[in-house]
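This report refers to the structure that appears directly beneath it.
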There are 2 protein chains.
Amino acid sequence: MALKPANLRSTQADKPLLAVLRGERRDPPPMWMMRQAGRYLPEYRQLREEKGSFLDLVYSSDAAAEITLQPLMRFPKLDAAILFSDILIVPFAIGQNLTFVTGEGPRMTPPLMTSALDQLTASPARLDPIYETVRKVRQQLPPDKTLIGFAGSPWTVSTYMVAGQGSREQAEARRLAYADPVRFGEIIARIEEVTLAYLSGQVEAGADALQLFDSWAGSLSPVQFEQWVIAPTARLVSALKSRHPKIPVIGFPKGAGGKVAAYARETGVDALGLDESVDPLWAARELPPKLPLQGNLDPLALIAGGEALERAVKRILDALAERPHIFNLGHGILQDTPIAHVEQLIALVKGG
Amino acid sequence: MALKPANLRSTQADKPLLAVLRGERRDPPPMWMMRQAGRYLPEYRQLREEKGSFLDLVYSSDAAAEITLQPLMRFPKLDAAILFSDILIVPFAIGQNLTFVTGEGPRMTPPLMTSALDQLTASPARLDPIYETVRKVRQQLPPDKTLIGFAGSPWTVSTYMVAGQGSREQAEARRLAYADPVRFGEIIARIEEVTLAYLSGQVEAGADALQLFDSWAGSLSPVQFEQWVIAPTARLVSALKSRHPKIPVIGFPKGAGGKVAAYARETGVDALGLDESVDPLWAARELPPKLPLQGNLDPLALIAGGEALERAVKRILDALAERPHIFNLGHGILQDTPIAHVEQLIALVKGG
């Protein structure tokens, strides 16, 4: 089964996901899956074997475009492609060295816990291959599909830049933020600036919508959440809006619990991603009534499949039936997710 | 500086922490620190070097009693001692083998992911040395200090029993709970039963109050949270109340975010522990007005010390000034916490 971009692009088709991001309700809801492409797909694993490391794939625009499109080739009812890239491209462009150690995750040198920001030499050209991927995807994407660009939020990116790697409960960044808020604020400001350029570049290359991943929003105290999640996100969204007023931004403050309400009110995002721990009934009741919500199936329910999956999907569809809703997982799809369960999920949401 | 139990026990002194757990307000609030004893204390590190492994210390009642009292010896303004033990004593009594691998955490065999519950041979005698510790602490504890016993919640304990170790996002237990809720329910029921016996034993040995640690409550979807956190906790609290109607139970559903409200309403706990991510202003406004709240200083603010600590403490004291409040951290004290900062914290809360 191949996509037929030439044919489909001959008409200006409706993009259901973009319509929902602009406040419409669609039934069935549009859907995509966080992180969407990845190791649960045999075609991804094959490409990975052929082409080398994760970062090699991200930096080969042909491979990255192919991976971005793989889920749509296999599951044509999905409504969006999300760029295959990584949130750590921004620190790489800021000047940290970046490697991925198999089984251990990313390593970034020098860590800003012990090194000054001005020791880094900016390398904005490190962003260019990503824009090339976006252009290639755009050329091949059917016109009814939305192309989602993304970046990490300043806070989440800072947790890696400060620790030089993933960190238990983000202790290093939280600690620096308490101990030296001025220096930490400079790190956040630099990430904001480069992220603005990076997301603008993705839009100029053809992204229809953007998502900000705030994977580590959950661990912060309320004051730190205001200062380091809400305020930088609000500044970034506002700057994006003045450059690209028609491009919707989805905010995804994972683990923020009840604080997603303040996030929704104060950041200016056009839509809110909910992780699986948020009760969709609570969200439907408490969040601004016109705000599109995205989520929030537990990836473990997808692994379970069968009746457990059916019940979990129905609960979300019912809870969000009166709102603009984009069906998604609450969190990235897991490596050992059976393809047949993804097919079951799509049939449950889309019919068929 | 030594405690003088004989002298102090000659009068029936007031226990401020217990008074607050029963609904009184005290100013300044009583305080203790989760996990309280531990590697930030040089006297603990010394005992650990002399006596061997963590589990050796837990199973030596003399050492465990000494460790339980160490923080009160050093910081006599603290209002409680919490038993030095571990939540994994319950699976050990259920019949899993338990070892602690330095730098890697606990290992439990066989894991229930792949083994049946009825392959385990119950070893209730493995609880007895813990009761002995409680008795020894009780004998030495000044009468104005509260002795807190504890256990893990059934859900949190199950995550270790199923995976056989700590697990990334508790995926193994969440997966089993979706795939085979009957079998998973049997595991939860067994943990409930042994935890009830274990906590009753601690009360009979002299514990004044109990805390249920639900360290992994955060990752669950709302339905799983109801089924595997709220329901078992409610059953356990109700059973404890019928055996020991005067012993207050503190519930600590870490990471539960906005769902702490349902937890507070539905479990029957006498007090609620708040992690550092919960806004105390929100808690003061939204949680049942007479419910005593415990928490919720960010352990990273304690590491930072100085003005950052001062601001963080003041914010919590102000937010909870109208309620029964027990000052505590939002999470366990970290190993590299300077003793001087603990002294600063106690002076900030207690004056002095």
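Chains: A, B, ... in order of the structure tokens. Residues: from 1 per chain. Ligands: from 1, in order shown.
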Fewer than 5 positions away in the same chain doesn't count, so skip those; otherwise give me all residues within 7 Å of segment 70-72 of chain B, counting only C-alpha atoms, as a PyMOL selection string. chain B and resi 36-37+78+81
Quick one: write out the picked residues with C-alpha atoms as a CSV table (one decimal), in the first residue's frame?
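Output below, filename out.csv:
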```csv
chain,number,residue,atom,x,y,z
B,36,GLN,CA,14.2,11.2,58.1
B,37,ALA,CA,17.0,8.7,58.9
B,78,LEU,CA,11.3,17.2,65.4
B,81,ALA,CA,10.2,9.3,64.9
```
Can you tell me, as a PyMOL selection string, what residues are no more than 12 Å from segment 118-128 of chain B when counting only C-alpha atoms, ignoring any on the same chain fewer than 3 positions away? chain B and resi 55+58-61+85-98+108-112+114-115+131-135+151+161+183+186-187+190-191+193-202+204-205
Could you save those same residues with C-alpha atoms as a short mmCIF file (atom, residue, chain, number, x, y, z; two decimals), in the first residue's frame?
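Output contents, as saved in result-v5.cif:
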```cif
data_model
loop_
_atom_site.label_atom_id
_atom_site.label_comp_id
_atom_site.auth_asym_id
_atom_site.auth_seq_id
_atom_site.Cartn_x
_atom_site.Cartn_y
_atom_site.Cartn_z
CA LEU B 55 18.60 -5.23 55.08
CA VAL B 58 16.48 -3.35 59.12
CA TYR B 59 16.67 -6.84 60.64
CA SER B 60 18.88 -5.88 63.56
CA SER B 61 16.31 -4.42 65.96
CA SER B 85 12.26 -0.27 57.87
CA ASP B 86 11.32 -0.81 54.24
CA ILE B 87 8.09 -1.23 52.30
CA LEU B 88 9.44 -4.46 50.79
CA ILE B 89 9.29 -6.31 54.12
CA VAL B 90 5.71 -7.19 53.17
CA PRO B 91 6.61 -9.07 49.94
CA PHE B 92 9.41 -10.72 51.92
CA ALA B 93 6.78 -11.96 54.41
CA ILE B 94 4.53 -13.01 51.53
CA GLY B 95 7.41 -15.23 50.45
CA GLN B 96 9.49 -13.51 47.78
CA ASN B 97 13.21 -13.58 48.31
CA LEU B 98 14.55 -10.06 48.82
CA MET B 108 12.76 -9.90 44.43
CA THR B 109 12.40 -13.45 43.26
CA PRO B 110 10.41 -14.94 41.75
CA PRO B 111 8.75 -11.94 40.03
CA LEU B 112 4.96 -12.35 39.85
CA THR B 114 5.96 -14.81 35.40
CA SER B 115 5.29 -16.74 38.63
CA TYR B 131 7.80 -5.26 65.79
CA GLU B 132 10.78 -5.70 68.08
CA THR B 133 12.26 -2.49 66.64
CA VAL B 134 9.00 -0.66 67.32
CA ARG B 135 9.00 -1.87 70.93
CA ALA B 151 3.89 0.30 55.08
CA MET B 161 6.32 -7.83 43.43
CA ARG B 183 -4.91 -12.39 38.86
CA GLU B 186 -5.44 -11.53 43.91
CA ILE B 187 -1.95 -10.08 44.31
CA ARG B 190 -2.75 -10.75 49.40
CA ILE B 191 -0.72 -7.58 49.95
CA GLU B 193 -4.07 -8.90 54.02
CA VAL B 194 -0.38 -9.03 55.02
CA THR B 195 -0.16 -5.23 55.27
CA LEU B 196 -3.13 -5.22 57.63
CA ALA B 197 -1.38 -7.76 59.86
CA TYR B 198 1.91 -5.86 59.59
CA LEU B 199 0.45 -2.46 60.50
CA SER B 200 -1.65 -3.97 63.30
CA GLY B 201 1.52 -5.56 64.65
CA GLN B 202 3.28 -2.19 64.59
CA GLU B 204 0.38 -3.40 69.06
CA ALA B 205 4.13 -2.90 69.49
#
```
Could you please tell me, as a PyMOL selection string, which residues of chain B have an atom within 6 Å of chain A when using only C-alpha atoms? chain B and resi 175+178-179+219-222+257-258+276-277+279+300+304+308
So how many Å separate atom CA of Pro253 of chain B and atom CA of Gly251 of chain A, to one decimal? 26.1 Å
Among segment 79-136 of chain A, which residues carry a DSSP assignment of helix (DSSP H, G or I), reported as a ChimeraX atom specification? /A:89-94,117-119,124-136
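Every protein or nucleic acid residue with an atom no more than 10 Å from Thr68 of chain B, counting only C-alpha atoms and leaving out same-chain residues fewer than 5 positions away, appears here: Arg35, Gln36, Ala37, Gly38, Tyr44, Asp62, Ala63, Met73, Ala80, Ala81, Ile82, Leu83, Phe84, Ser85, Thr133, Val134, Lys136, Val137, Leu141 and Leu147 of chain B.
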Writing out the chosen residues with N, CA and C atoms as a CSV table (one decimal), in the first residue's frame:
```
chain,number,residue,atom,x,y,z
B,35,ARG,N,12.3,10.5,54.5
B,35,ARG,CA,12.5,9.3,55.2
B,35,ARG,C,13.2,9.5,56.5
B,36,GLN,N,13.6,10.7,56.8
B,36,GLN,CA,14.2,11.2,58.1
B,36,GLN,C,15.5,10.6,58.4
B,37,ALA,N,15.6,9.3,58.7
B,37,ALA,CA,17.0,8.7,58.9
B,37,ALA,C,17.5,8.4,57.6
B,38,GLY,N,18.9,8.4,57.5
B,38,GLY,CA,19.4,7.9,56.2
B,38,GLY,C,20.8,8.5,55.9
B,44,TYR,N,24.4,7.7,60.6
B,44,TYR,CA,23.8,6.6,59.9
B,44,TYR,C,24.8,5.9,59.1
B,62,ASP,N,18.2,-3.7,67.3
B,62,ASP,CA,18.9,-2.7,68.0
B,62,ASP,C,19.4,-1.6,67.1
B,63,ALA,N,20.0,-2.0,66.0
B,63,ALA,CA,20.5,-1.0,65.0
B,63,ALA,C,19.3,-0.2,64.5
B,73,MET,N,17.8,12.6,68.1
B,73,MET,CA,19.0,12.9,68.9
B,73,MET,C,19.6,14.2,68.3
B,80,ALA,N,8.4,13.7,65.6
B,80,ALA,CA,8.1,12.3,65.4
B,80,ALA,C,9.3,11.5,65.1
B,81,ALA,N,9.2,10.2,65.4
B,81,ALA,CA,10.2,9.3,64.9
B,81,ALA,C,9.4,8.4,63.9
B,82,ILE,N,10.0,8.1,62.7
B,82,ILE,CA,9.4,7.1,61.9
B,82,ILE,C,10.2,5.9,61.9
B,83,LEU,N,9.6,4.8,62.1
B,83,LEU,CA,10.2,3.5,62.1
B,83,LEU,C,11.2,3.4,60.9
B,84,PHE,N,12.4,2.9,61.2
B,84,PHE,CA,13.4,2.5,60.1
B,84,PHE,C,13.1,1.1,59.6
B,85,SER,N,12.6,1.0,58.5
B,85,SER,CA,12.3,-0.3,57.9
B,85,SER,C,12.1,-0.1,56.4
B,133,THR,N,11.7,-3.8,66.8
B,133,THR,CA,12.3,-2.5,66.6
B,133,THR,C,11.3,-1.5,67.2
B,134,VAL,N,10.0,-1.6,66.8
B,134,VAL,CA,9.0,-0.7,67.3
B,134,VAL,C,9.0,-0.6,68.9
B,136,LYS,N,11.4,-1.4,70.9
B,136,LYS,CA,12.6,-0.7,71.4
B,136,LYS,C,12.6,0.8,71.3
B,137,VAL,N,12.0,1.2,70.2
B,137,VAL,CA,11.9,2.7,70.0
B,137,VAL,C,11.0,3.3,71.0
B,141,LEU,N,11.6,6.5,73.5
B,141,LEU,CA,11.1,7.7,72.8
B,141,LEU,C,10.5,8.7,73.9
B,147,LEU,N,5.3,8.2,67.5
B,147,LEU,CA,6.0,7.1,66.8
B,147,LEU,C,5.2,6.7,65.6
```
Given only C-alpha atoms as the counted atoms, nearest of A:Arg22, A:Lys51, A:Arg74, A:Lys246 to Arg323 of chain A: A:Arg22
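Secondary structure of segment 135-264 of chain A, strand (DSSP E or B) only (DSSP, backbone atoms): A:Thr146, A:Leu147, A:Ile148, A:Gly149, A:Phe150, A:Ala151, A:Gly152, A:Gln165, A:Ala209, A:Leu210, A:Gln211, A:Leu212, A:Phe213, A:Asp214, A:Val249, A:Ile250, A:Gly251, A:Phe252, A:Pro253.
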Restricted to all heavy atoms, what would the selected residues look like written as a tab-separated table (two decimals), in the first residue's frame?
```
chain	number	residue	atom	x	y	z
A	146	THR	N	-2.21	16.22	8.42
A	146	THR	CA	-1.55	17.37	9.05
A	146	THR	C	-0.10	17.00	9.36
A	146	THR	O	0.17	15.90	9.84
A	146	THR	CB	-2.29	17.71	10.36
A	146	THR	OG1	-3.64	18.09	10.02
A	146	THR	CG2	-1.63	18.86	11.10
A	147	LEU	N	0.79	17.91	9.09
A	147	LEU	CA	2.21	17.67	9.42
A	147	LEU	C	2.55	18.44	10.71
A	147	LEU	O	2.47	19.67	10.77
A	147	LEU	CB	3.11	18.12	8.26
A	147	LEU	CG	4.62	18.05	8.51
A	147	LEU	CD1	5.07	16.71	9.07
A	147	LEU	CD2	5.38	18.36	7.22
A	148	ILE	N	2.89	17.68	11.74
A	148	ILE	CA	3.16	18.27	13.05
A	148	ILE	C	4.68	18.38	13.26
A	148	ILE	O	5.39	17.38	13.21
A	148	ILE	CB	2.54	17.42	14.18
A	148	ILE	CG1	1.02	17.27	13.97
A	148	ILE	CG2	2.83	18.03	15.56
A	148	ILE	CD1	0.36	16.29	14.95
A	149	GLY	N	5.15	19.59	13.46
A	149	GLY	CA	6.53	19.81	13.89
A	149	GLY	C	6.58	19.82	15.41
A	149	GLY	O	5.55	19.90	16.08
A	150	PHE	N	7.76	19.75	15.97
A	150	PHE	CA	7.80	19.76	17.44
A	150	PHE	C	9.15	20.19	17.98
A	150	PHE	O	10.16	20.21	17.27
A	150	PHE	CB	7.45	18.37	18.01
A	150	PHE	CG	8.56	17.37	17.91
A	150	PHE	CD1	9.47	17.19	18.96
A	150	PHE	CD2	8.73	16.60	16.76
A	150	PHE	CE1	10.50	16.26	18.87
A	150	PHE	CE2	9.75	15.67	16.66
A	150	PHE	CZ	10.65	15.50	17.72
A	151	ALA	N	9.13	20.50	19.27
A	151	ALA	CA	10.36	20.74	20.03
A	151	ALA	C	10.06	20.40	21.48
A	151	ALA	O	8.90	20.25	21.88
A	151	ALA	CB	10.80	22.19	19.91
A	152	GLY	N	11.11	20.25	22.27
A	152	GLY	CA	10.93	20.13	23.70
A	152	GLY	C	10.64	21.51	24.28
A	152	GLY	O	10.98	22.54	23.68
A	165	GLN	N	22.62	14.56	30.66
A	165	GLN	CA	21.97	13.27	30.36
A	165	GLN	C	20.58	13.28	31.00
A	165	GLN	O	20.21	14.26	31.66
A	165	GLN	CB	22.80	12.12	30.94
A	165	GLN	CG	23.01	12.23	32.44
A	165	GLN	CD	23.98	11.17	32.95
A	165	GLN	OE1	24.91	10.76	32.27
A	165	GLN	NE2	23.78	10.72	34.16
A	209	ALA	N	1.31	22.46	12.10
A	209	ALA	CA	1.01	22.63	13.53
A	209	ALA	C	2.26	22.26	14.29
A	209	ALA	O	3.16	21.62	13.74
A	209	ALA	CB	-0.16	21.73	13.93
A	210	LEU	N	2.32	22.67	15.55
A	210	LEU	CA	3.51	22.41	16.37
A	210	LEU	C	3.10	21.81	17.70
A	210	LEU	O	2.04	22.14	18.23
A	210	LEU	CB	4.27	23.72	16.62
A	210	LEU	CG	4.79	24.44	15.37
A	210	LEU	CD1	5.27	25.85	15.73
A	210	LEU	CD2	5.91	23.64	14.70
A	211	GLN	N	3.94	20.94	18.23
A	211	GLN	CA	3.71	20.46	19.59
A	211	GLN	C	4.95	20.72	20.44
A	211	GLN	O	6.08	20.45	20.03
A	211	GLN	CB	3.36	18.97	19.61
A	211	GLN	CG	3.19	18.44	21.05
A	211	GLN	CD	2.29	17.22	21.17
A	211	GLN	OE1	1.26	17.12	20.52
A	211	GLN	NE2	2.67	16.29	22.05
A	212	LEU	N	4.70	21.23	21.63
A	212	LEU	CA	5.77	21.42	22.62
A	212	LEU	C	5.69	20.29	23.63
A	212	LEU	O	4.71	20.18	24.38
A	212	LEU	CB	5.59	22.75	23.36
A	212	LEU	CG	6.10	23.99	22.65
A	212	LEU	CD1	5.66	25.24	23.41
A	212	LEU	CD2	7.63	23.95	22.53
A	213	PHE	N	6.72	19.46	23.68
A	213	PHE	CA	6.76	18.34	24.62
A	213	PHE	C	7.41	18.81	25.93
A	213	PHE	O	8.58	19.16	25.95
A	213	PHE	CB	7.59	17.18	24.05
A	213	PHE	CG	6.88	16.40	22.97
A	213	PHE	CD1	6.90	16.83	21.66
A	213	PHE	CD2	6.19	15.24	23.29
A	213	PHE	CE1	6.24	16.12	20.66
A	213	PHE	CE2	5.53	14.51	22.29
A	213	PHE	CZ	5.56	14.95	20.98
A	214	ASP	N	6.62	18.78	26.99
A	214	ASP	CA	7.20	19.11	28.30
A	214	ASP	C	7.16	17.85	29.16
A	214	ASP	O	6.41	17.74	30.13
A	214	ASP	CB	6.45	20.27	28.96
A	214	ASP	CG	7.41	21.10	29.80
A	214	ASP	OD1	8.47	20.57	30.19
A	214	ASP	OD2	7.11	22.28	30.05
A	249	VAL	N	-0.49	25.65	18.16
A	249	VAL	CA	0.52	25.04	19.04
A	249	VAL	C	-0.19	24.17	20.08
A	249	VAL	O	-1.08	24.64	20.79
A	249	VAL	CB	1.35	26.13	19.74
A	249	VAL	CG1	2.40	25.47	20.66
A	249	VAL	CG2	2.03	27.05	18.74
A	250	ILE	N	0.24	22.92	20.14
A	250	ILE	CA	-0.28	21.99	21.16
A	250	ILE	C	0.75	21.95	22.30
A	250	ILE	O	1.92	21.69	22.06
A	250	ILE	CB	-0.42	20.56	20.58
A	250	ILE	CG1	-1.22	20.56	19.29
A	250	ILE	CG2	-1.03	19.62	21.63
A	250	ILE	CD1	-1.08	19.25	18.47
A	251	GLY	N	0.31	22.20	23.51
A	251	GLY	CA	1.20	22.07	24.66
A	251	GLY	C	0.96	20.73	25.33
A	251	GLY	O	-0.18	20.30	25.47
A	252	PHE	N	2.03	20.09	25.76
A	252	PHE	CA	1.88	18.77	26.40
A	252	PHE	C	2.73	18.71	27.68
A	252	PHE	O	3.85	18.21	27.68
A	252	PHE	CB	2.29	17.67	25.41
A	252	PHE	CG	2.19	16.27	25.99
A	252	PHE	CD1	1.06	15.87	26.68
A	252	PHE	CD2	3.23	15.36	25.84
A	252	PHE	CE1	0.97	14.59	27.23
A	252	PHE	CE2	3.15	14.08	26.38
A	252	PHE	CZ	2.02	13.69	27.08
A	253	PRO	N	2.17	19.24	28.76
A	253	PRO	CA	2.91	19.26	30.03
A	253	PRO	C	2.68	17.95	30.78
A	253	PRO	O	1.85	17.86	31.67
A	253	PRO	CB	2.29	20.45	30.76
A	253	PRO	CG	0.87	20.47	30.29
A	253	PRO	CD	0.87	19.92	28.88
```
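Here atom CA of Ala207 of chain B stands at a distance of 16.5 Å from atom CA of Met34 of chain B.
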Could you list, as an NGL selection string, every residue within 8 Å of Thr159 of chain B, counting only C-alpha atoms and ignoring same-chain residues fewer than 3 positions away? :B and (155-156 or 162-163 or 166-167 or 170 or 172-174)
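Taking atom CA of Val269 of chain B and atom CA of Ala65 of chain B as endpoints, the distance between them is 26.7 Å.
Among B:Ala284, B:Glu43, B:Gly273, B:Pro16, the residue with the shortest atom-to-atom distance to Pro28 of chain B, counting only C-alpha atoms, is B:Pro16.
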